[in-house]
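The structure appears below as structure tokens.
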Number of protein chains: 8
Amino acid sequence: MKISRITVYQVTLPLEHPYRLSGGRLYFDKLDSTIVAIDTDEGIRGWGEGCPWGSTYLPAFPLGVRAGIEELAPQLIGLDPRRIDFIYRTMDLALPGHPYIKSALDMACWDILGKATGLPLCELFGGRIDEPVIPQNSVPTGTPEEMIKSIQWGQERGYVVHTCKIGADVALDIERIETVSSYLPGNESATFDVNRAWLMDEALRVMNAVKDYVCYFEEPCETYEESLQVRRLTSHPIILDEK
Amino acid sequence: MKISRITVYQVTLPLEHPYRLSGGRLYFDKLDSTIVAIDTDEGIRGWGEGCPWGSTYLPAFPLGVRAGIEELAPQLIGLDPRRIDFIYRTMDLALPGHPYIKSALDMACWDILGKATGLPLCELFGGRIDEPVIPQNSVPTGTPEEMIKSIQWGQERGYVVHTCKIGADVALDIERIETVSSYLPGNESATFDVNRAWLMDEALRVMNAVKDYVCYFEEPCETYEESLQVRRLTSHPIILDEK
Amino acid sequence: MKISRITVYQVTLPLEHPYRLSGGRLYFDKLDSTIVAIDTDEGIRGWGEGCPWGSTYLPAFPLGVRAGIEELAPQLIGLDPRRIDFIYRTMDLALPGHPYIKSALDMACWDILGKATGLPLCELFGGRIDEPVIPQNSVPTGTPEEMIKSIQWGQERGYVVHTCKIGADVALDIERIETVSSYLPGNESATFDVNRAWLMDEALRVMNAVKDYVCYFEEPCETYEESLQVRRLTSHPIILDEK
Amino acid sequence: MKISRITVYQVTLPLEHPYRLSGGRLYFDKLDSTIVAIDTDEGIRGWGEGCPWGSTYLPAFPLGVRAGIEELAPQLIGLDPRRIDFIYRTMDLALPGHPYIKSALDMACWDILGKATGLPLCELFGGRIDEPVIPQNSVPTGTPEEMIKSIQWGQERGYVVHTCKIGADVALDIERIETVSSYLPGNESATFDVNRAWLMDEALRVMNAVKDYVCYFEEPCETYEESLQVRRLTSHPIILDEK
Amino acid sequence: MKISRITVYQVTLPLEHPYRLSGGRLYFDKLDSTIVAIDTDEGIRGWGEGCPWGSTYLPAFPLGVRAGIEELAPQLIGLDPRRIDFIYRTMDLALPGHPYIKSALDMACWDILGKATGLPLCELFGGRIDEPVIPQNSVPTGTPEEMIKSIQWGQERGYVVHTCKIGADVALDIERIETVSSYLPGNESATFDVNRAWLMDEALRVMNAVKDYVCYFEEPCETYEESLQVRRLTSHPIILDEK
Amino acid sequence: MKISRITVYQVTLPLEHPYRLSGGRLYFDKLDSTIVAIDTDEGIRGWGEGCPWGSTYLPAFPLGVRAGIEELAPQLIGLDPRRIDFIYRTMDLALPGHPYIKSALDMACWDILGKATGLPLCELFGGRIDEPVIPQNSVPTGTPEEMIKSIQWGQERGYVVHTCKIGADVALDIERIETVSSYLPGNESATFDVNRAWLMDEALRVMNAVKDYVCYFEEPCETYEESLQVRRLTSHPIILDEK
Amino acid sequence: MKISRITVYQVTLPLEHPYRLSGGRLYFDKLDSTIVAIDTDEGIRGWGEGCPWGSTYLPAFPLGVRAGIEELAPQLIGLDPRRIDFIYRTMDLALPGHPYIKSALDMACWDILGKATGLPLCELFGGRIDEPVIPQNSVPTGTPEEMIKSIQWGQERGYVVHTCKIGADVALDIERIETVSSYLPGNESATFDVNRAWLMDEALRVMNAVKDYVCYFEEPCETYEESLQVRRLTSHPIILDEK
Amino acid sequence: MKISRITVYQVTLPLEHPYRLSGGRLYFDKLDSTIVAIDTDEGIRGWGEGCPWGSTYLPAFPLGVRAGIEELAPQLIGLDPRRIDFIYRTMDLALPGHPYIKSALDMACWDILGKATGLPLCELFGGRIDEPVIPQNSVPTGTPEEMIKSIQWGQERGYVVHTCKIGADVALDIERIETVSSYLPGNESATFDVNRAWLMDEALRVMNAVKDYVCYFEEPCETYEESLQVRRLTSHPIILDEK
């Protein structure tokens, strides 16, 4: 099987509610997504998507996705899309770095492999697990009252874990955490996602101020080293997921 | 798809030539292998094999393979063999540790997945790579002359990398390495596999004595820490692959 | 003195009360034990036992004990059972790893040595110490009330240290610890044995929640490294005893 | 002063001689450069350039430069280009990462600052130093004879330091180094730039083989950690300059 | 442009209010400042100042400033003052160490560069940033009441951050911190600057005693290592700025 | 000046009050002291003393003092006692280790040097310092009431720092600390000297239990490493002075 | 069984040949040994010996052995000598440190245990091993010729490993090592025991000078840390056995 | 005894031969020394000297010495000069840092103490040692021939250790070392003092080039960290003595 054609579509995704991060500094009301279709000589078509969270959040931007696919696509024509490691290695040789560009093409190749084998991808990834997945309610930065309202919206839809975006102002963040943590019933929990917005001393001040509440903090500081320092001086669990 | 039956076969594999390791302390002229067949309700049968290198080489032994499969098999009946992570997790809960037992069953499940999807396993593991695989000639411990003869046997069959088992006696090992390294033409290379047989001082003495030859050493000492110390005081590349 | 014969017996040991660990995931109502008798040419017989805690708790299982003894026994016939280091070295060469198999044979050899010298083993291990041994009451996972009842059963029999198995659910574990710790009089103490069932964040949440109680925690997390991290962020003493 | 307009030009730069790196794997006969002109309301125009070494060498590519400037330029219109830290901070907020894109715009702003102050940039960077700069002759990968010829070409033009690109094949690299090092007179020196092409064992083999020659090695291995390991087991100076 | 003349002036600066540091051990009622004028052959004159905080606070003293300029000035005559790195390198070769002496001359050269280019120095340092600067009120050591009075003086002038000098006596320092922290409204904050006056145990005792107040501590102990130890056992943010 | 004679005296020192350490395990009612007189050919006589705290407290015992002086004295006859480094080096060559033996002889030589120069030793050690020395009241282990009585005895004699010996029983030690700390007025302080009697978990339990009192702990655990671990998990200052 | 009496004998052991260590600084022609007899109420008598290598070599001296036994013996009367851990613990409580004193008493208790059980001690220490023990020839410091003669003396008696004492003078030590190493046939080996006599630079100079000989070095420098540094800069195996 | 007067003298010391360091960059033909006389009320006068090696070699300069004494002297009038620690503490409080200034005053106080006690200072510093002191011949940078001549000058005067100043040019330094090391007889030795003049790569190149000569290197690189790196990759002993 060979890749015979790669097609790129641009799609604008309006957000149902505008979204604020990092205490309001980042604002989104739509996303610019790139959809890739990979066609093969055997008629199978695979779909992938590259949709950065705007241009301002992580080192990735929509125009870069499309510029990168324009660079990479010619290298892939004629290759077997099911040989996924080889495809990825070819992309790495043609363009070092820029993983956010390659993921859209990678995704489309996996889609082809799934269609070619007639199996859902979860089977190819090790097989289904029976444990339920717990989806999380993403709560944008706002006043404590707005955030409670957003949590209630989620509770009505069955959410029990609420990821609350904070990270603006020390005094206000403490108030948000206290309000949310006091509001939640015992079988629900809150993660406070700072998206790296705190300086180390701000993290210490907030986290020590709320040390009697059960809550998790996600990416409190800009760097891994800063968050490590904060963790050594506080006692809440900390979650890291951004490079 | 469900596992309906697991069948175990014992097979004795005679070795064409008896094999010596660790300077002759370990001797093998046949291997006791366990073959597992997993049958499914959809008629697909997968094959796996558990064949420890005797009982004396690593923490694994043929009777243990069969005792372990007897323990594990009842837990697997009725499960979908294509859900490989789930199968493995089930085995881990039923019997912690003992990976050499589980690999035979794991192998059989992958065989079923390949047959069920109609794909060779290499496609499911990321796809074929075009680079040729370089097989290695395994040269048992012997006198330098016997080892040269064993290398010549391999050269006639096209081998260019020769893994020579050594690790008995410092003076003799130095002689083996010098003889083999001097004999090999520039486009062939030797790895000297000690299988953890040297004490640290023996490793230092041999490796410093042959420091002008280009060669690799595999598992010189019993533990990782010992090999690390040796590497800091010598200059040959060292290969580690045994836990 | 020489080993002339090794005999293996299987014994099923019913538990007086079924036992639950790790928040109920592990359940035991009987144990499958292997009894070994080593006979010598001088008429002394030594007894040993290999009794894993089922197959699911640690890397050890009853069938493996018997398969291993079948592998090892022929190597030991004719050796002097009193030369215990030599016996152990012989077993290590015949079968690397698997210490849970070898302990039954080792135990029987020590029994022979004691009988041969006419001394209780404690004299051969450095001599009796006069300090009393404090046995511990092992309290299975249950509701707080069930666990108090189990503690009372122990108190009636004179136990003053109670090892309480927990590790299921954060909220419930906190309740168990508070209930037990509040119940115990000042001259008794509780160890809460998690048997590695907590994730790091769960350990932090529970241990910080009960930081005003005097109690010990045993094996809070899966790995040594995880428990080390937990220890750095909490203030209770932690006990580690599982590899 | 305010930025009033940003103009982008694409220029193809043919290389006088095609250039090979990494033992020939990377081949260049022209470069795709992006020229940026920043105009201001006071009539000063600043020039910058973004010219990645093709798309294959580092995480940077010509199409990405232009896509990124398209993303960034609108944010810069109206700002004072002489406030360079502020310009850079604005770019970082508008698009995290991608420094190879921003450097072209940064360069143009510095050009404006120099023109606005009437000073050459070296004065703004701390002032001229009187020590002469020693330019280096860049010698592409080739046979030892080709590389000597390339060095002679440089010697005729006055070069005394020669950066020789190697990194293909262990035996051939040793030959290249020996040939070049033997050829050079005492007052000239060679740096062998591997551009991260060696595995650790290849680096050890080559560098130990030529340990009697005076030479420097640049970026022997893929990662900093690998080069650090190599440095500990060899004695040549090592130069690192790639992230 | 060349330096044609360097003139040194001594100026005594009386302090409006005498100032006490380190719990009163250091007392200042005037400062002895050295003013340097660098004249150039193009008529531009640059001004710099070297004003140590007496002779007792850091390794710097007014007589040393003037002795050092006497040593350095002859080396600078005839050099271009705009070539600032070169000027600094020249000073380092003529007199290793003693940075407090060189800063006055360095400052004067920057002044000349700014005048020569017609730009304020902030433009040459990367450009103006729009964020407001928050000046801090420096509160000398005194009784808690005196310190509150000093804070009120600052509040009337708009200060919201108050750097309070403490570091005399454990019991008194705790009282000062509690009094000041309780007094300040939520939108103001206090830094307690110890100027390295505490032993480690004093730092632990004070900082743990006030752990429920939001405050920062500056240079609690003599050395970096001591402050690091203190930071590991306390939870307030710590500021370090003295070598 | 030469050593002409060394004379040894044994003296039994009865204690006014018997003394208990380590929770009572160590009991002393008299000390066995060795007095050394060194005579010189110039008529000056120097006095030294070796008085271990019994035989049970540190690696030193009275009989050993006298046996060691018997060993060392012949080596010293004829040497100049004022050449103190040389004397000490001679003793080290004649008998490695055993510093508790050598100190008596060393002390006598210093006495001779002081007499020979007509200066008090404090002048030879760098000169008098004007700061007063704060003597400490040593409070033996007892019931809380007994310890308060012992403190009162000291207070009547002007002591303001009280070193209280504890280290027997967790519950009782907590009571002792609370009683003493509550009793002391603000201008006095207590050090609790455990003399290495606690296990690590006992140290954690006691020190966390009294974390709201201001107090110091001396030598909580057997080894430096154990005390270091305890310090990381507690917040009281810790004093170490025993090897 | 109880200890009823402890008797101490002094024995002077003349050496057949005087012995020199550390390049001649240490000289021995006899040793002062202490023999201990422990009698029990059951008539068994155990023998032990404390024989330091003079007083000058390690922290141990004959008079100290006897002074220590005088201190310890009264504590042991009435105890069961077969309870060896308890005996040792009793000695540690009665007199911390001084292991060279306790070993004589410990040895006598083991002798009693062996006699009481009727077994040779090797059976109580884990049993006989069949591998032969290789005794080493101890060669005192001397001229190279004297040392060869001493080796020949050993060769006539069947020794194949020769421990040569060196450590006096760099040039002479190099000559000794070269002479000895060149003299020895391939199946014999030399350890050069420096007894901590070299400074670090001396060790580097000697060991680098003889880097082409196969030899071992024992205790090259005074401290463990110094020997560790030396090992990092040399390539001979190093043996450490002195505290 | 009290300090009644402090007098400062300036003395110019011409060098018999001009002296070059760091490959000639530093040149000295005279030194500017400061002589201090401290007079006391008891008529004893003590002398000290502050004589930096010009102003260019270390952070110390003659004008600074005199400026500092001017600052410090008034603080010392009236103090007892024999209380040396107290004098030094007073100087540290009056002027932090600048040890090169204080040493002249310190020296004069020691002189007074010696005169007051009637003892040479060596007796007050621990007493005379009988080992001879080996003075070193200091050989300035020059051509290899000039340096040999300088060594011969020293040999005629009995010097056997020659400290040769190098550090200019890699090729020339290698030649200097080879010439000097080849010239010296076996009972003399050379230290090559680089005075921190080499970059790390220069140190590696020179030291590896002369690795077969026995020689020491003093302060090869600017910082301790650089010299540490060099030491790890070379095998000569390295001497560090400059901060």
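For the structure tokens, the naming scheme is as follows: chains receive sequential letters (A, B, ...) according to their order of presentation, residues are indexed from 1 within each chain, and ligands are indexed from 1 in presentation order.
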Given a cut-off of 10 Å, which residues of chain H touch chain D, counting only C-alpha atoms, written out as a ChimeraX atom specification? /H:171,200-206,208-209,229-230,232-234
Export, as an mmCIF file, in the first residue's frame, the selected residues with N, CA and C atoms.
data_model
loop_
_atom_site.group_PDB
_atom_site.id
_atom_site.type_symbol
_atom_site.label_atom_id
_atom_site.label_comp_id
_atom_site.auth_asym_id
_atom_site.auth_seq_id
_atom_site.Cartn_x
_atom_site.Cartn_y
_atom_site.Cartn_z
ATOM 1 N N ALA H 171 52.382 25.231 21.957
ATOM 2 C CA ALA H 171 53.545 24.552 21.373
ATOM 3 C C ALA H 171 54.805 24.879 22.164
ATOM 4 N N MET H 200 40.936 25.374 29.284
ATOM 5 C CA MET H 200 40.898 23.936 29.529
ATOM 6 C C MET H 200 41.455 23.124 28.358
ATOM 7 N N ASP H 201 41.181 23.522 27.149
ATOM 8 C CA ASP H 201 41.682 22.713 26.044
ATOM 9 C C ASP H 201 43.198 22.831 25.913
ATOM 10 N N GLU H 202 43.720 23.992 26.249
ATOM 11 C CA GLU H 202 45.171 24.131 26.213
ATOM 12 C C GLU H 202 45.831 23.238 27.261
ATOM 13 N N ALA H 203 45.226 23.210 28.440
ATOM 14 C CA ALA H 203 45.767 22.336 29.492
ATOM 15 C C ALA H 203 45.770 20.885 29.037
ATOM 16 N N LEU H 204 44.643 20.453 28.458
ATOM 17 C CA LEU H 204 44.581 19.066 27.988
ATOM 18 C C LEU H 204 45.651 18.785 26.945
ATOM 19 N N ARG H 205 45.809 19.728 26.030
ATOM 20 C CA ARG H 205 46.764 19.465 24.945
ATOM 21 C C ARG H 205 48.188 19.376 25.484
ATOM 22 N N VAL H 206 48.583 20.318 26.335
ATOM 23 C CA VAL H 206 49.952 20.277 26.855
ATOM 24 C C VAL H 206 50.160 19.054 27.746
ATOM 25 N N ASN H 208 48.591 16.203 28.046
ATOM 26 C CA ASN H 208 48.614 14.911 27.361
ATOM 27 C C ASN H 208 49.874 14.756 26.514
ATOM 28 N N ALA H 209 50.368 15.865 25.964
ATOM 29 C CA ALA H 209 51.567 15.772 25.120
ATOM 30 C C ALA H 209 52.805 15.377 25.924
ATOM 31 N N GLN H 229 38.161 19.608 36.038
ATOM 32 C CA GLN H 229 37.867 18.915 34.769
ATOM 33 C C GLN H 229 39.156 18.420 34.125
ATOM 34 N N VAL H 230 40.161 19.273 34.123
ATOM 35 C CA VAL H 230 41.428 18.889 33.503
ATOM 36 C C VAL H 230 42.026 17.693 34.243
ATOM 37 N N ARG H 232 40.574 15.337 35.663
ATOM 38 C CA ARG H 232 39.887 14.080 35.381
ATOM 39 C C ARG H 232 40.314 13.474 34.054
ATOM 40 N N LEU H 233 40.889 14.255 33.168
ATOM 41 C CA LEU H 233 41.231 13.764 31.836
ATOM 42 C C LEU H 233 42.731 13.661 31.628
ATOM 43 N N THR H 234 43.517 13.863 32.672
ATOM 44 C CA THR H 234 44.959 13.765 32.549
ATOM 45 C C THR H 234 45.484 12.931 33.708
#
So which residues touch Asp111 in chain G within 12 Å, counting only C-alpha atoms, skipping near sequence neighbours fewer than 4 positions away, as a ChimeraX atom specification? /G:36-40,44-49,81-82,84,104-107,115-122,124
Write out the residues from the selection above, keeping C-alpha atoms, as a PDB file, in the first residue's frame.
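Result file is result02.pdb:
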ATOM      1  CA  VAL G  36      42.780 -15.416  77.184  1.00  0.00           C
ATOM      2  CA  ALA G  37      41.307 -18.538  78.695  1.00  0.00           C
ATOM      3  CA  ILE G  38      37.610 -18.576  79.543  1.00  0.00           C
ATOM      4  CA  ASP G  39      36.545 -21.339  81.919  1.00  0.00           C
ATOM      5  CA  THR G  40      32.954 -22.438  82.402  1.00  0.00           C
ATOM      6  CA  ILE G  44      34.811 -26.433  78.999  1.00  0.00           C
ATOM      7  CA  ARG G  45      37.668 -23.967  78.501  1.00  0.00           C
ATOM      8  CA  GLY G  46      37.838 -21.652  75.478  1.00  0.00           C
ATOM      9  CA  TRP G  47      40.974 -19.917  74.211  1.00  0.00           C
ATOM     10  CA  GLY G  48      41.313 -16.556  72.489  1.00  0.00           C
ATOM     11  CA  GLU G  49      44.202 -14.324  71.519  1.00  0.00           C
ATOM     12  CA  PRO G  81      29.461 -17.975  76.687  1.00  0.00           C
ATOM     13  CA  ARG G  82      27.517 -19.742  73.915  1.00  0.00           C
ATOM     14  CA  ILE G  84      27.712 -14.920  71.546  1.00  0.00           C
ATOM     15  CA  ALA G 104      40.131 -12.019  72.118  1.00  0.00           C
ATOM     16  CA  LEU G 105      37.147 -12.653  74.370  1.00  0.00           C
ATOM     17  CA  ASP G 106      34.839 -13.221  71.417  1.00  0.00           C
ATOM     18  CA  MET G 107      37.244 -15.787  69.997  1.00  0.00           C
ATOM     19  CA  LYS G 115      33.661 -27.556  71.898  1.00  0.00           C
ATOM     20  CA  ALA G 116      30.172 -27.638  73.398  1.00  0.00           C
ATOM     21  CA  THR G 117      28.625 -28.753  70.100  1.00  0.00           C
ATOM     22  CA  GLY G 118      31.494 -31.004  69.166  1.00  0.00           C
ATOM     23  CA  LEU G 119      31.813 -29.308  65.789  1.00  0.00           C
ATOM     24  CA  PRO G 120      34.733 -27.509  64.162  1.00  0.00           C
ATOM     25  CA  LEU G 121      33.954 -23.808  63.874  1.00  0.00           C
ATOM     26  CA  CYS G 122      33.931 -23.923  60.069  1.00  0.00           C
ATOM     27  CA  LEU G 124      29.128 -23.367  62.474  1.00  0.00           C
TER      28      LEU G 124
END
Taking only range 137-225 of chain B into account, list the residues labelled strand (DSSP E or B) by DSSP (computed from the backbone), as a PDB file with C-alpha atoms, in the first residue's frame.
ATOM      1  CA  ASN B 137      27.898 -15.586  14.847  1.00  0.00           C
ATOM      2  CA  SER B 138      27.921 -17.010  18.372  1.00  0.00           C
ATOM      3  CA  VAL B 139      31.326 -18.490  19.132  1.00  0.00           C
ATOM      4  CA  VAL B 161      30.097  -9.888  13.545  1.00  0.00           C
ATOM      5  CA  HIS B 162      31.295 -12.599  15.918  1.00  0.00           C
ATOM      6  CA  THR B 163      30.154 -12.828  19.539  1.00  0.00           C
ATOM      7  CA  CYS B 164      32.904 -14.741  21.290  1.00  0.00           C
ATOM      8  CA  LYS B 165      32.140 -16.228  24.687  1.00  0.00           C
ATOM      9  CA  SER B 189      34.340  -7.139  14.290  1.00  0.00           C
ATOM     10  CA  ALA B 190      34.279  -9.098  17.514  1.00  0.00           C
ATOM     11  CA  THR B 191      32.249  -8.719  20.670  1.00  0.00           C
ATOM     12  CA  PHE B 192      33.643 -10.573  23.644  1.00  0.00           C
ATOM     13  CA  ASP B 193      30.791 -11.728  25.812  1.00  0.00           C
ATOM     14  CA  TRP B 198      34.835 -11.657  35.667  1.00  0.00           C
ATOM     15  CA  TYR B 216      33.547  -4.627  22.449  1.00  0.00           C
ATOM     16  CA  PHE B 217      32.932  -6.298  25.788  1.00  0.00           C
ATOM     17  CA  GLU B 218      29.552  -7.615  26.822  1.00  0.00           C
ATOM     18  CA  CYS B 221      30.942  -8.349  35.594  1.00  0.00           C
TER      19      CYS B 221
END
Please, which residues of range 9-237 of chain F, numbered as in this document, come out helix (DSSP H, G or I) from DSSP, as number ranges by chain? F: 22-24, 62-76, 84-94, 99-117, 121-124, 144-156, 170-183, 200-209, 224-232
May I have the residues from that selection written out with C-alpha atoms, as a tab-separated table (two decimals), in the first residue's frame?
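Result file is result_17.tsv:
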chain	number	residue	atom	x	y	z
F	22	SER	CA	19.93	7.92	78.40
F	23	GLY	CA	16.77	7.52	80.40
F	24	GLY	CA	18.59	6.02	83.32
F	62	PRO	CA	40.19	4.96	82.88
F	63	LEU	CA	42.31	1.81	82.76
F	64	GLY	CA	42.98	2.52	79.11
F	65	VAL	CA	44.20	6.02	79.94
F	66	ARG	CA	46.79	4.64	82.29
F	67	ALA	CA	47.80	1.76	80.03
F	68	GLY	CA	48.27	4.21	77.19
F	69	ILE	CA	50.37	6.63	79.20
F	70	GLU	CA	52.54	3.71	80.23
F	71	GLU	CA	53.00	2.99	76.52
F	72	LEU	CA	53.62	6.59	75.49
F	73	ALA	CA	55.64	8.10	78.33
F	74	PRO	CA	58.99	6.46	77.44
F	75	GLN	CA	58.80	7.98	73.95
F	76	LEU	CA	58.46	11.49	75.37
F	84	ILE	CA	53.63	20.72	71.05
F	85	ASP	CA	52.94	19.69	67.45
F	86	PHE	CA	56.09	17.61	67.50
F	87	ILE	CA	55.05	15.97	70.77
F	88	TYR	CA	51.69	15.11	69.30
F	89	ARG	CA	53.20	13.75	66.13
F	90	THR	CA	55.52	11.58	68.21
F	91	MET	CA	52.57	10.21	70.12
F	92	ASP	CA	50.69	9.48	66.88
F	93	LEU	CA	53.60	7.51	65.50
F	94	ALA	CA	54.03	5.59	68.74
F	99	PRO	CA	43.03	10.44	71.38
F	100	TYR	CA	41.49	10.26	74.86
F	101	ILE	CA	44.82	8.97	76.13
F	102	LYS	CA	46.94	11.60	74.46
F	103	SER	CA	44.92	14.56	75.65
F	104	ALA	CA	46.18	14.29	79.22
F	105	LEU	CA	49.80	14.50	78.06
F	106	ASP	CA	49.01	17.24	75.56
F	107	MET	CA	47.35	19.28	78.29
F	108	ALA	CA	50.40	19.01	80.52
F	109	CYS	CA	52.67	20.24	77.72
F	110	TRP	CA	50.45	23.28	77.13
F	111	ASP	CA	50.63	23.95	80.86
F	112	ILE	CA	54.42	23.93	80.63
F	113	LEU	CA	54.38	26.27	77.64
F	114	GLY	CA	52.18	28.72	79.53
F	115	LYS	CA	54.41	28.61	82.56
F	116	ALA	CA	57.54	28.95	80.45
F	117	THR	CA	56.24	32.06	78.71
F	121	LEU	CA	46.92	29.90	77.95
F	122	CYS	CA	44.07	32.07	76.68
F	123	GLU	CA	46.65	34.55	75.43
F	124	LEU	CA	48.43	31.80	73.52
F	144	PRO	CA	9.23	15.86	85.11
F	145	GLU	CA	8.97	17.04	88.70
F	146	GLU	CA	12.51	16.01	89.54
F	147	MET	CA	13.77	17.78	86.47
F	148	ILE	CA	11.93	21.00	87.37
F	149	LYS	CA	13.50	20.80	90.80
F	150	SER	CA	16.93	20.42	89.23
F	151	ILE	CA	16.22	23.44	87.02
F	152	GLN	CA	15.18	25.49	90.03
F	153	TRP	CA	18.42	24.54	91.75
F	154	GLY	CA	20.19	26.00	88.70
F	155	GLN	CA	18.04	29.10	88.52
F	156	GLU	CA	18.94	29.95	92.09
F	170	VAL	CA	8.53	8.30	74.01
F	171	ALA	CA	5.51	9.16	76.12
F	172	LEU	CA	7.58	10.16	79.11
F	173	ASP	CA	10.01	12.23	77.04
F	174	ILE	CA	7.11	14.19	75.55
F	175	GLU	CA	5.84	14.87	79.04
F	176	ARG	CA	9.28	15.98	80.22
F	177	ILE	CA	9.68	18.39	77.32
F	178	GLU	CA	6.22	19.88	77.71
F	179	THR	CA	6.64	20.30	81.45
F	180	VAL	CA	10.05	21.90	81.22
F	181	SER	CA	9.24	24.11	78.23
F	182	SER	CA	6.05	25.38	79.83
F	183	TYR	CA	7.86	26.07	83.06
F	200	MET	CA	14.60	7.49	64.24
F	201	ASP	CA	10.90	6.83	64.64
F	202	GLU	CA	11.04	7.76	68.32
F	203	ALA	CA	12.75	11.03	67.43
F	204	LEU	CA	10.06	11.81	64.86
F	205	ARG	CA	7.29	11.02	67.28
F	206	VAL	CA	8.64	13.13	70.14
F	207	MET	CA	9.80	16.08	68.09
F	208	ASN	CA	6.61	16.32	66.07
F	209	ALA	CA	4.58	16.06	69.25
F	224	TYR	CA	24.94	11.32	62.05
F	225	GLU	CA	22.94	9.91	59.15
F	226	GLU	CA	19.96	9.10	61.36
F	227	SER	CA	19.95	12.56	62.90
F	228	LEU	CA	20.15	14.05	59.42
F	229	GLN	CA	17.06	12.13	58.36
F	230	VAL	CA	15.24	13.28	61.48
F	231	ARG	CA	16.20	16.88	60.86
F	232	ARG	CA	14.67	16.73	57.37
